[in-house]
$ cat my_file-v2.cif   # mmCIF, C-alpha atoms
data_run
#
loop_
_atom_site.group_PDB
_atom_site.id
_atom_site.type_symbol
_atom_site.label_atom_id
_atom_site.label_comp_id
_atom_site.auth_asym_id
_atom_site.auth_seq_id
_atom_site.Cartn_x
_atom_site.Cartn_y
_atom_site.Cartn_z
ATOM 1 C CA MET A 1 55.055 48.482 39.908
ATOM 2 C CA PRO A 2 55.028 50.880 36.852
ATOM 3 C CA LEU A 3 52.148 50.337 34.477
ATOM 4 C CA ARG A 4 54.466 49.511 31.511
ATOM 5 C CA ARG A 5 56.271 46.796 33.504
ATOM 6 C CA LEU A 6 52.960 45.391 34.732
ATOM 7 C CA TRP A 7 51.682 45.225 31.132
ATOM 8 C CA THR A 8 54.884 43.516 29.884
ATOM 9 C CA THR A 9 54.695 40.911 32.626
ATOM 10 C CA ALA A 10 51.062 40.125 31.802
ATOM 11 C CA VAL A 11 51.798 39.740 28.070
ATOM 12 C CA THR A 12 54.754 37.432 28.803
ATOM 13 C CA ALA A 13 52.562 35.236 30.995
ATOM 14 C CA LEU A 14 49.866 35.044 28.321
ATOM 15 C CA ILE A 15 52.417 34.051 25.643
ATOM 16 C CA ALA A 16 53.813 31.354 27.912
ATOM 17 C CA LEU A 17 50.330 30.025 28.592
ATOM 18 C CA ALA A 18 49.544 30.023 24.874
ATOM 19 C CA GLY A 19 52.733 28.127 24.221
ATOM 20 C CA LEU A 20 51.725 25.469 26.745
ATOM 21 C CA LEU A 21 48.326 25.130 25.140
ATOM 22 C CA LEU A 22 49.859 24.737 21.663
ATOM 23 C CA VAL A 23 52.267 21.924 22.644
ATOM 24 C CA PRO A 24 50.753 18.653 21.377
ATOM 25 C CA ALA A 25 50.023 16.022 23.982
ATOM 26 C CA GLN A 26 52.651 13.259 23.988
ATOM 27 C CA PRO A 27 51.292 9.754 23.554
ATOM 28 C CA ALA A 28 51.755 7.495 26.549
ATOM 29 C CA VAL A 29 54.084 4.652 25.771
ATOM 30 C CA ALA A 30 53.463 1.666 27.582
ATOM 31 C CA ALA A 31 51.974 -0.466 29.021
ATOM 32 C CA THR A 32 49.199 -2.373 30.290
ATOM 33 C CA THR A 33 46.331 -0.088 29.480
ATOM 34 C CA ALA A 34 43.084 -1.481 28.183
ATOM 35 C CA GLY A 35 44.022 -0.097 24.749
ATOM 36 C CA THR A 36 47.243 -2.059 24.447
ATOM 37 C CA VAL A 37 45.676 -5.234 25.741
ATOM 38 C CA ALA A 38 42.840 -4.912 23.236
ATOM 39 C CA ALA A 39 45.358 -4.383 20.401
ATOM 40 C CA ALA A 40 47.505 -7.370 21.314
ATOM 41 C CA PRO A 41 47.390 -10.574 19.241
ATOM 42 C CA ASN A 42 46.022 -13.663 20.940
ATOM 43 C CA PHE A 43 49.465 -14.956 21.885
ATOM 44 C CA LYS A 44 49.925 -18.669 22.491
ATOM 45 C CA ALA A 45 52.716 -20.649 24.146
ATOM 46 C CA PRO A 46 55.940 -20.732 22.065
ATOM 47 C CA TYR A 47 56.171 -24.548 21.992
ATOM 48 C CA PRO A 48 54.114 -27.407 20.497
ATOM 49 C CA CYS A 49 50.555 -28.421 21.218
ATOM 50 C CA GLY A 50 50.033 -30.567 24.303
ATOM 51 C CA GLN A 51 53.478 -30.037 25.786
ATOM 52 C CA LYS A 52 53.684 -28.955 29.440
ATOM 53 C CA TRP A 53 56.478 -26.546 30.405
ATOM 54 C CA THR A 54 57.382 -24.707 33.604
ATOM 55 C CA TYR A 55 58.667 -21.139 33.640
ATOM 56 C CA SER A 56 60.486 -18.613 35.782
ATOM 57 C CA HIS A 57 61.728 -15.029 35.789
ATOM 58 C CA HIS A 58 65.166 -13.935 36.944
ATOM 59 C CA SER A 59 65.482 -10.445 38.385
ATOM 60 C CA ALA A 60 68.580 -9.762 36.267
ATOM 61 C CA GLU A 61 66.710 -10.510 33.022
ATOM 62 C CA VAL A 62 66.084 -7.740 30.519
ATOM 63 C CA ARG A 63 62.580 -6.346 30.244
ATOM 64 C CA ARG A 64 59.774 -8.750 31.299
ATOM 65 C CA ALA A 65 61.096 -12.077 30.009
ATOM 66 C CA LEU A 66 60.050 -15.556 31.075
ATOM 67 C CA ASP A 67 62.268 -18.612 30.631
ATOM 68 C CA PHE A 68 60.545 -21.906 29.729
ATOM 69 C CA VAL A 69 61.774 -25.504 30.186
ATOM 70 C CA ARG A 70 59.891 -28.758 29.661
ATOM 71 C CA ALA A 71 58.123 -30.383 32.586
ATOM 72 C CA ASP A 72 56.361 -33.318 30.890
ATOM 73 C CA GLY A 73 59.220 -35.777 30.713
ATOM 74 C CA GLY A 74 60.344 -34.578 27.277
ATOM 75 C CA THR A 75 63.723 -33.094 26.411
ATOM 76 C CA THR A 76 63.946 -29.311 26.282
ATOM 77 C CA ASN A 77 66.957 -29.213 23.965
ATOM 78 C CA GLY A 78 65.934 -29.559 20.317
ATOM 79 C CA THR A 79 62.196 -29.118 20.910
ATOM 80 C CA PRO A 80 60.550 -26.963 18.206
ATOM 81 C CA VAL A 81 60.017 -23.297 19.030
ATOM 82 C CA LEU A 82 56.741 -22.000 17.582
ATOM 83 C CA ALA A 83 55.541 -18.532 16.623
ATOM 84 C CA SER A 84 53.165 -17.429 19.356
ATOM 85 C CA ALA A 85 51.334 -15.245 16.815
ATOM 86 C CA GLY A 86 51.629 -14.596 13.086
ATOM 87 C CA GLY A 87 53.942 -11.955 11.648
ATOM 88 C CA THR A 88 57.309 -11.358 9.989
ATOM 89 C CA ALA A 89 60.295 -13.212 11.468
ATOM 90 C CA TYR A 90 63.796 -11.749 11.587
ATOM 91 C CA ARG A 91 66.933 -13.712 12.482
ATOM 92 C CA TYR A 92 69.695 -12.307 14.718
ATOM 93 C CA TYR A 93 72.796 -13.465 16.546
ATOM 94 C CA GLN A 94 74.356 -12.083 19.732
ATOM 95 C CA ALA A 95 77.313 -14.102 21.028
ATOM 96 C CA SER A 96 77.430 -12.490 24.474
ATOM 97 C CA GLY A 97 73.695 -12.510 25.131
ATOM 98 C CA ALA A 98 70.733 -13.879 23.191
ATOM 99 C CA GLY A 99 72.734 -16.218 20.940
ATOM 100 C CA ASN A 100 70.677 -17.271 17.931
ATOM 101 C CA TYR A 101 67.359 -15.501 18.276
ATOM 102 C CA ILE A 102 64.290 -14.524 16.316
ATOM 103 C CA ALA A 103 62.138 -11.414 16.593
ATOM 104 C CA ILE A 104 58.636 -11.563 15.121
ATOM 105 C CA GLU A 105 56.935 -8.287 14.196
ATOM 106 C CA HIS A 106 53.191 -8.779 14.625
ATOM 107 C CA GLY A 107 52.009 -5.310 13.626
ATOM 108 C CA GLY A 108 50.380 -2.598 15.712
ATOM 109 C CA GLY A 109 53.575 -2.121 17.731
ATOM 110 C CA TRP A 110 53.727 -5.719 18.999
ATOM 111 C CA ARG A 111 56.838 -7.908 18.834
ATOM 112 C CA THR A 112 57.965 -11.192 20.401
ATOM 113 C CA TYR A 113 61.503 -12.475 21.073
ATOM 114 C CA TYR A 114 62.764 -16.075 21.166
ATOM 115 C CA PHE A 115 66.358 -16.348 22.462
ATOM 116 C CA HIS A 116 69.093 -19.052 22.655
ATOM 117 C CA LEU A 117 67.912 -21.128 19.690
ATOM 118 C CA SER A 118 70.069 -24.063 18.636
ATOM 119 C CA ALA A 119 68.981 -23.529 15.001
ATOM 120 C CA TYR A 120 66.671 -21.409 12.852
ATOM 121 C CA SER A 121 63.773 -22.993 10.967
ATOM 122 C CA VAL A 122 62.695 -20.021 8.800
ATOM 123 C CA ALA A 123 64.425 -17.590 6.481
ATOM 124 C CA ASP A 124 65.180 -14.042 7.587
ATOM 125 C CA GLY A 125 62.212 -11.810 6.762
ATOM 126 C CA ALA A 126 59.808 -14.735 6.209
ATOM 127 C CA HIS A 127 56.122 -14.436 6.994
ATOM 128 C CA VAL A 128 55.115 -16.987 9.611
ATOM 129 C CA GLU A 129 51.772 -18.180 10.870
ATOM 130 C CA GLN A 130 50.843 -18.769 14.498
ATOM 131 C CA GLY A 131 52.029 -22.242 15.460
ATOM 132 C CA GLN A 132 54.668 -22.447 12.725
ATOM 133 C CA GLN A 133 58.090 -23.727 13.768
ATOM 134 C CA ILE A 134 60.653 -20.912 13.723
ATOM 135 C CA GLY A 135 63.593 -22.665 15.382
ATOM 136 C CA THR A 136 64.668 -25.290 17.878
ATOM 137 C CA THR A 137 65.313 -24.865 21.577
ATOM 138 C CA GLY A 138 68.947 -24.570 22.601
ATOM 139 C CA SER A 139 71.458 -22.812 24.798
ATOM 140 C CA THR A 140 73.398 -20.487 22.475
ATOM 141 C CA GLY A 141 74.787 -17.176 23.685
ATOM 142 C CA ASN A 142 74.854 -16.326 27.386
ATOM 143 C CA SER A 143 72.907 -19.309 28.669
ATOM 144 C CA THR A 144 73.517 -21.956 31.327
ATOM 145 C CA GLY A 145 71.233 -24.603 29.832
ATOM 146 C CA PRO A 146 68.597 -25.222 27.143
ATOM 147 C CA HIS A 147 65.460 -23.094 27.518
ATOM 148 C CA ILE A 148 63.224 -20.679 25.618
ATOM 149 C CA HIS A 149 63.734 -17.080 26.689
ATOM 150 C CA TYR A 150 60.485 -15.445 25.594
ATOM 151 C CA GLU A 151 59.334 -11.820 25.559
ATOM 152 C CA GLN A 152 56.347 -9.763 24.443
ATOM 153 C CA LEU A 153 56.970 -6.083 23.655
ATOM 154 C CA TYR A 154 54.687 -3.189 22.784
ATOM 155 C CA ASN A 155 56.348 -0.211 21.066
ATOM 156 C CA GLY A 156 59.685 -1.563 22.282
ATOM 157 C CA VAL A 157 58.594 -1.769 25.911
ATOM 158 C CA GLY A 158 58.572 -5.192 27.583
ATOM 159 C CA GLN A 159 55.113 -6.257 28.743
ATOM 160 C CA ASP A 160 53.911 -8.767 31.296
ATOM 161 C CA ILE A 161 53.467 -11.937 29.280
ATOM 162 C CA VAL A 162 49.893 -12.909 28.402
ATOM 163 C CA ILE A 163 48.978 -16.280 26.862
ATOM 164 C CA ASN A 164 45.442 -16.891 25.571
ATOM 165 C CA GLY A 165 44.386 -13.631 27.232
ATOM 166 C CA VAL A 166 45.648 -14.671 30.687
ATOM 167 C CA ALA A 167 48.607 -12.936 32.355
ATOM 168 C CA LEU A 168 51.273 -15.363 33.577
ATOM 169 C CA ALA A 169 52.876 -15.256 37.005
ATOM 170 C CA TYR A 170 56.534 -14.261 37.483
ATOM 171 C CA PRO A 171 57.956 -16.894 39.860
ATOM 172 C CA GLY A 172 61.602 -16.758 40.893
ATOM 173 C CA SER A 173 62.214 -20.451 40.200
ATOM 174 C CA TYR A 174 60.912 -23.310 38.069
ATOM 175 C CA ASN A 175 58.260 -25.892 38.995
ATOM 176 C CA GLN A 176 55.950 -23.440 40.733
ATOM 177 C CA TYR A 177 53.833 -22.660 37.672
ATOM 178 C CA PHE A 178 53.175 -24.705 34.529
ATOM 179 C CA LEU A 179 51.652 -24.027 31.123
ATOM 180 C CA THR A 180 50.329 -26.616 28.662
ATOM 181 C CA SER A 181 50.406 -25.386 25.075
ATOM 182 C CA ASP A 182 47.456 -25.274 22.719
ATOM 183 C CA ASN A 183 49.574 -23.712 19.966
ATOM 184 C CA GLY A 184 49.165 -25.566 16.692
ATOM 185 C CA CYS A 185 46.296 -27.700 17.978
ATOM 186 C CA GLY A 186 43.811 -26.283 15.525
ATOM 187 C CA GLY A 187 44.613 -28.706 12.701
ATOM 188 C CA ALA A 188 42.391 -31.727 12.366
ATOM 189 C CA GLY A 189 45.330 -34.076 11.933
ATOM 190 C CA VAL A 190 45.606 -37.018 9.539
ATOM 191 C CA PRO A 191 43.297 -39.973 10.284
ATOM 192 C CA PHE A 192 44.755 -43.454 10.891
ATOM 193 C CA MET A 193 43.806 -46.665 12.682
ATOM 194 C CA THR A 194 46.021 -48.244 15.306
ATOM 195 C CA TRP A 195 46.441 -51.983 15.879
ATOM 196 C CA GLY A 196 47.261 -54.031 18.938
ATOM 197 C CA SER A 197 45.947 -53.853 22.497
ATOM 198 C CA GLY A 198 47.256 -52.056 25.543
ATOM 199 C CA VAL A 199 49.236 -49.578 23.425
ATOM 200 C CA ARG A 200 50.730 -46.941 25.715
ATOM 201 C CA VAL A 201 50.513 -43.273 24.757
ATOM 202 C CA ARG A 202 53.472 -41.367 26.192
ATOM 203 C CA SER A 203 54.133 -37.688 26.793
ATOM 204 C CA ASP A 204 57.057 -37.757 24.347
ATOM 205 C CA ALA A 205 58.705 -40.060 21.806
ATOM 206 C CA TYR A 206 60.737 -41.967 24.368
ATOM 207 C CA LEU A 207 60.104 -45.220 26.212
ATOM 208 C CA SER A 208 61.084 -43.479 29.455
ATOM 209 C CA ALA A 209 58.465 -40.738 29.007
ATOM 210 C CA PRO A 210 55.422 -40.895 31.299
ATOM 211 C CA VAL A 211 52.342 -42.778 30.072
ATOM 212 C CA VAL A 212 49.405 -40.403 29.572
ATOM 213 C CA THR A 213 46.824 -42.996 28.504
ATOM 214 C CA THR A 214 46.487 -46.488 26.991
ATOM 215 C CA LEU A 215 44.668 -47.599 23.830
ATOM 216 C CA ALA A 216 42.739 -50.703 24.824
ATOM 217 C CA GLY A 217 42.419 -51.979 21.244
ATOM 218 C CA PRO A 218 42.406 -50.781 17.614
ATOM 219 C CA THR A 219 41.504 -47.088 17.727
ATOM 220 C CA SER A 220 40.711 -44.364 15.194
ATOM 221 C CA VAL A 221 43.214 -41.579 15.840
ATOM 222 C CA ARG A 222 44.211 -38.205 14.379
ATOM 223 C CA VAL A 223 47.974 -37.717 13.941
ATOM 224 C CA LEU A 224 49.103 -34.100 14.213
ATOM 225 C CA CYS A 225 52.801 -34.619 13.502
ATOM 226 C CA GLN A 226 55.622 -37.154 13.783
ATOM 227 C CA LYS A 227 59.226 -37.196 14.912
ATOM 228 C CA GLN A 228 62.075 -39.593 15.583
ATOM 229 C CA GLY A 229 62.617 -40.955 19.075
ATOM 230 C CA ASP A 230 63.447 -44.251 20.740
ATOM 231 C CA THR A 231 63.556 -47.385 18.580
ATOM 232 C CA VAL A 232 60.685 -49.791 19.228
ATOM 233 C CA ASN A 233 60.506 -53.480 18.232
ATOM 234 C CA ALA A 234 57.204 -55.324 17.867
ATOM 235 C CA GLU A 235 55.900 -58.240 15.799
ATOM 236 C CA GLY A 236 59.159 -58.408 13.837
ATOM 237 C CA TYR A 237 59.141 -54.692 12.984
ATOM 238 C CA THR A 238 61.574 -51.978 14.088
ATOM 239 C CA ASN A 239 60.822 -48.262 13.979
ATOM 240 C CA ASN A 240 62.095 -45.073 15.615
ATOM 241 C CA TRP A 241 59.334 -42.792 14.290
ATOM 242 C CA TRP A 242 56.567 -41.699 16.645
ATOM 243 C CA SER A 243 53.187 -40.047 16.041
ATOM 244 C CA LYS A 244 51.639 -37.271 18.120
ATOM 245 C CA LEU A 245 47.947 -38.059 18.630
ATOM 246 C CA ARG A 246 45.572 -35.115 18.724
ATOM 247 C CA ASP A 247 42.870 -36.453 21.021
ATOM 248 C CA GLN A 248 45.106 -38.515 23.329
ATOM 249 C CA ASN A 249 47.584 -35.646 23.667
ATOM 250 C CA GLY A 250 50.653 -37.861 23.483
ATOM 251 C CA PHE A 251 52.892 -40.037 21.305
ATOM 252 C CA ILE A 252 52.821 -43.654 20.158
ATOM 253 C CA SER A 253 55.380 -45.544 18.088
ATOM 254 C CA ASN A 254 54.516 -45.596 14.390
ATOM 255 C CA ILE A 255 54.748 -49.377 14.658
ATOM 256 C CA TYR A 256 51.235 -49.276 16.123
ATOM 257 C CA ILE A 257 49.838 -47.167 13.271
ATOM 258 C CA ASP A 258 48.150 -49.368 10.656
ATOM 259 C CA ASN A 259 50.298 -48.177 7.754
ATOM 260 C CA PRO A 260 53.266 -49.953 6.120
ATOM 261 C CA ALA A 261 55.471 -46.820 6.004
ATOM 262 C CA ALA A 262 57.902 -46.235 8.870
ATOM 263 C CA GLN A 263 57.503 -42.468 8.376
ATOM 264 C CA LEU A 264 53.826 -41.764 7.776
ATOM 265 C CA PRO A 265 52.903 -40.126 4.461
ATOM 266 C CA GLY A 266 51.227 -36.727 4.574
ATOM 267 C CA VAL A 267 52.096 -36.091 8.228
ATOM 268 C CA PRO A 268 54.346 -33.086 9.064
ATOM 269 C CA LEU A 269 57.324 -33.210 11.401
ATOM 270 C CA CYS A 270 56.818 -32.100 14.994
#
$ encode --input "my_file-v2.cif" --output "structure tokens"
Amino acid sequence: MPLRRLWTTAVTALIALAGLLLVPAQPAVAATTAGTVAAAPNFKAPYPCGQKWTYSHHSAEVRRALDFVRADGGTTNGTPVLASAGGTAYRYYQASGAGNYIAIEHGGGWRTYYFHLSAYSVADGAHVEQGQQIGTTGSTGNSTGPHIHYEQLYNGVGQDIVINGVALAYPGSYNQYFLTSDNGCGGAGVPFMTWGSGVRVRSDAYLSAPVVTTLAGPTSVRVLCQKQGDTVNAEGYTNNWWSKLRDQNGFISNIYIDNPAAQLPGVPLC
């Protein structure tokens, strides 16, 4: 090979090598590295404290979604949907897919989705705290029944869902795995006394809901929230409001709360 051609070839190779060295390294997008896990919020279940739900993943689902339905005797449809971490909530609608849904931007590249809501509970662009109600469970959009379609994304990439630092399984059907929520349990609740003996505490505000425990006699309780359910009659009183008890992890009729108001003062709605 002539010397000039040899020299030209060597210079071209050096320029190419220099070009490679000057190209900035591209950041890795994704996934489940220790860095992304460390940066993630401490996500909690997207439904109220004490409720037990089962979940599944369908292979045709987008990204790494899990679908949640109640498994504690309560009704899925109309149950509050809670922010699994604090952030800014944005409202959307997609008739052919997600229906009414909310995306919460948590910062640091993290986002959560909540699909198929029957109604919104916050304004578009509102700041929400972990455990705050953002909507109610429904079946809007492309859905065959009430459920919470839930996703966690990092930089737009769907992640395996982690609750309280523990990665959830991805079963192909319901009733294989269950998750009891501790979202919104941090509040102390409002103190009241109950009256009566043998008062049954149920898993939801319905007389058909399973009994989780029984109050033997008048008991000091902490009420986290209240909601309307089945009508109960006792001692000449009628009431369809029920209280969620913090320590007993269930509901009793407000009839058995020692307060004259049917709807307890100072107690938020569930």
$ axis_aligned_box --input "my_file-v2.cif" --around "stretch 47-65 of chain A" --padding-each-side "3 Å" --output "AutoDock Vina command-line options"
--center_x 59.3 --center_y -18.5 --center_z 29.4 --size_x 24.5 --size_y 30.2 --size_z 23.9
$ closest_atom_pairs --input "my_file-v2.cif" --of "stretch 59-177 of chain A" --to "stretch 48-53 of chain A" --cutoff "6 Å" --atoms "only C-alpha atoms" --output "tab-separated table"
residue	atom	partner	partner_atom	distance
A:Val69	CA	A:Trp53	CA	5.4
A:Arg70	CA	A:Trp53	CA	4.1
A:Ala71	CA	A:Trp53	CA	4.7
A:Asp72	CA	A:Lys52	CA	5.3
$ atom_distance --input "my_file-v2.cif" --atom1 "atom CA of A:Tyr170" --atom2 "atom CA of A:Leu66"
7.4 Å
$ residues_around --input "my_file-v2.cif" --residues "A:Gly135" --least-positions-apart "4" --cutoff "12 Å" --atoms "only C-alpha atoms" --output "PDB file with C-alpha atoms, in the coordinates of the input"
ATOM      1  CA  PRO A  46      55.940 -20.732  22.065  1.00  0.00           C
ATOM      2  CA  TYR A  47      56.171 -24.548  21.992  1.00  0.00           C
ATOM      3  CA  PRO A  48      54.114 -27.407  20.497  1.00  0.00           C
ATOM      4  CA  ASN A  77      66.957 -29.213  23.965  1.00  0.00           C
ATOM      5  CA  GLY A  78      65.934 -29.559  20.317  1.00  0.00           C
ATOM      6  CA  THR A  79      62.196 -29.118  20.910  1.00  0.00           C
ATOM      7  CA  PRO A  80      60.550 -26.963  18.206  1.00  0.00           C
ATOM      8  CA  VAL A  81      60.017 -23.297  19.030  1.00  0.00           C
ATOM      9  CA  LEU A  82      56.741 -22.000  17.582  1.00  0.00           C
ATOM     10  CA  ALA A  83      55.541 -18.532  16.623  1.00  0.00           C
ATOM     11  CA  ALA A  89      60.295 -13.212  11.468  1.00  0.00           C
ATOM     12  CA  TYR A  90      63.796 -11.749  11.587  1.00  0.00           C
ATOM     13  CA  ARG A  91      66.933 -13.712  12.482  1.00  0.00           C
ATOM     14  CA  ASN A 100      70.677 -17.271  17.931  1.00  0.00           C
ATOM     15  CA  TYR A 101      67.359 -15.501  18.276  1.00  0.00           C
ATOM     16  CA  ILE A 102      64.290 -14.524  16.316  1.00  0.00           C
ATOM     17  CA  ALA A 103      62.138 -11.414  16.593  1.00  0.00           C
ATOM     18  CA  TYR A 113      61.503 -12.475  21.073  1.00  0.00           C
ATOM     19  CA  TYR A 114      62.764 -16.075  21.166  1.00  0.00           C
ATOM     20  CA  PHE A 115      66.358 -16.348  22.462  1.00  0.00           C
ATOM     21  CA  HIS A 116      69.093 -19.052  22.655  1.00  0.00           C
ATOM     22  CA  LEU A 117      67.912 -21.128  19.690  1.00  0.00           C
ATOM     23  CA  SER A 118      70.069 -24.063  18.636  1.00  0.00           C
ATOM     24  CA  ALA A 119      68.981 -23.529  15.001  1.00  0.00           C
ATOM     25  CA  TYR A 120      66.671 -21.409  12.852  1.00  0.00           C
ATOM     26  CA  SER A 121      63.773 -22.993  10.967  1.00  0.00           C
ATOM     27  CA  VAL A 122      62.695 -20.021   8.800  1.00  0.00           C
ATOM     28  CA  ALA A 123      64.425 -17.590   6.481  1.00  0.00           C
ATOM     29  CA  ASP A 124      65.180 -14.042   7.587  1.00  0.00           C
ATOM     30  CA  VAL A 128      55.115 -16.987   9.611  1.00  0.00           C
ATOM     31  CA  GLY A 131      52.029 -22.242  15.460  1.00  0.00           C
ATOM     32  CA  ILE A 148      63.224 -20.679  25.618  1.00  0.00           C
ATOM     33  CA  CYS A 270      56.818 -32.100  14.994  1.00  0.00           C
TER      34      CYS A 270
END
$ closest_residue --input "my_file-v2.cif" --among "A:Asp160, A:Asp204, A:Asp247, A:Asp230" --to "A:Cys185" --atoms "all atoms listed in the file"
A:Asp247
$ atom_distance --input "my_file-v2.cif" --atom1 "atom CA of A:Asp182" --atom2 "atom CA of A:Lys44"
7.1 Å
$ closest_residue --input "my_file-v2.cif" --among "A:Val232, A:Ile134, A:Ala45, A:Ala205" --to "A:Phe251" --atoms "all atoms listed in the file"
A:Ala205
$ residues_around --input "my_file-v2.cif" --residues "A:His57" --least-positions-apart "3" --cutoff "8 Å" --atoms "all atoms listed in the file" --output "ChimeraX atom specification"
/A:61,64-67,170-173
$ write_last_selection --input "my_file-v2.cif" --atoms "C-alpha atoms" --output "PDB file, keeping the file's coordinate frame"
ATOM      1  CA  GLU A  61      66.710 -10.510  33.022  1.00  0.00           C
ATOM      2  CA  ARG A  64      59.774  -8.750  31.299  1.00  0.00           C
ATOM      3  CA  ALA A  65      61.096 -12.077  30.009  1.00  0.00           C
ATOM      4  CA  LEU A  66      60.050 -15.556  31.075  1.00  0.00           C
ATOM      5  CA  ASP A  67      62.268 -18.612  30.631  1.00  0.00           C
ATOM      6  CA  TYR A 170      56.534 -14.261  37.483  1.00  0.00           C
ATOM      7  CA  PRO A 171      57.956 -16.894  39.860  1.00  0.00           C
ATOM      8  CA  GLY A 172      61.602 -16.758  40.893  1.00  0.00           C
ATOM      9  CA  SER A 173      62.214 -20.451  40.200  1.00  0.00           C
TER      10      SER A 173
END
$ atom_distance --input "my_file-v2.cif" --atom1 "atom CA of A:Gly138" --atom2 "atom CA of A:Asn42"
25.4 Å
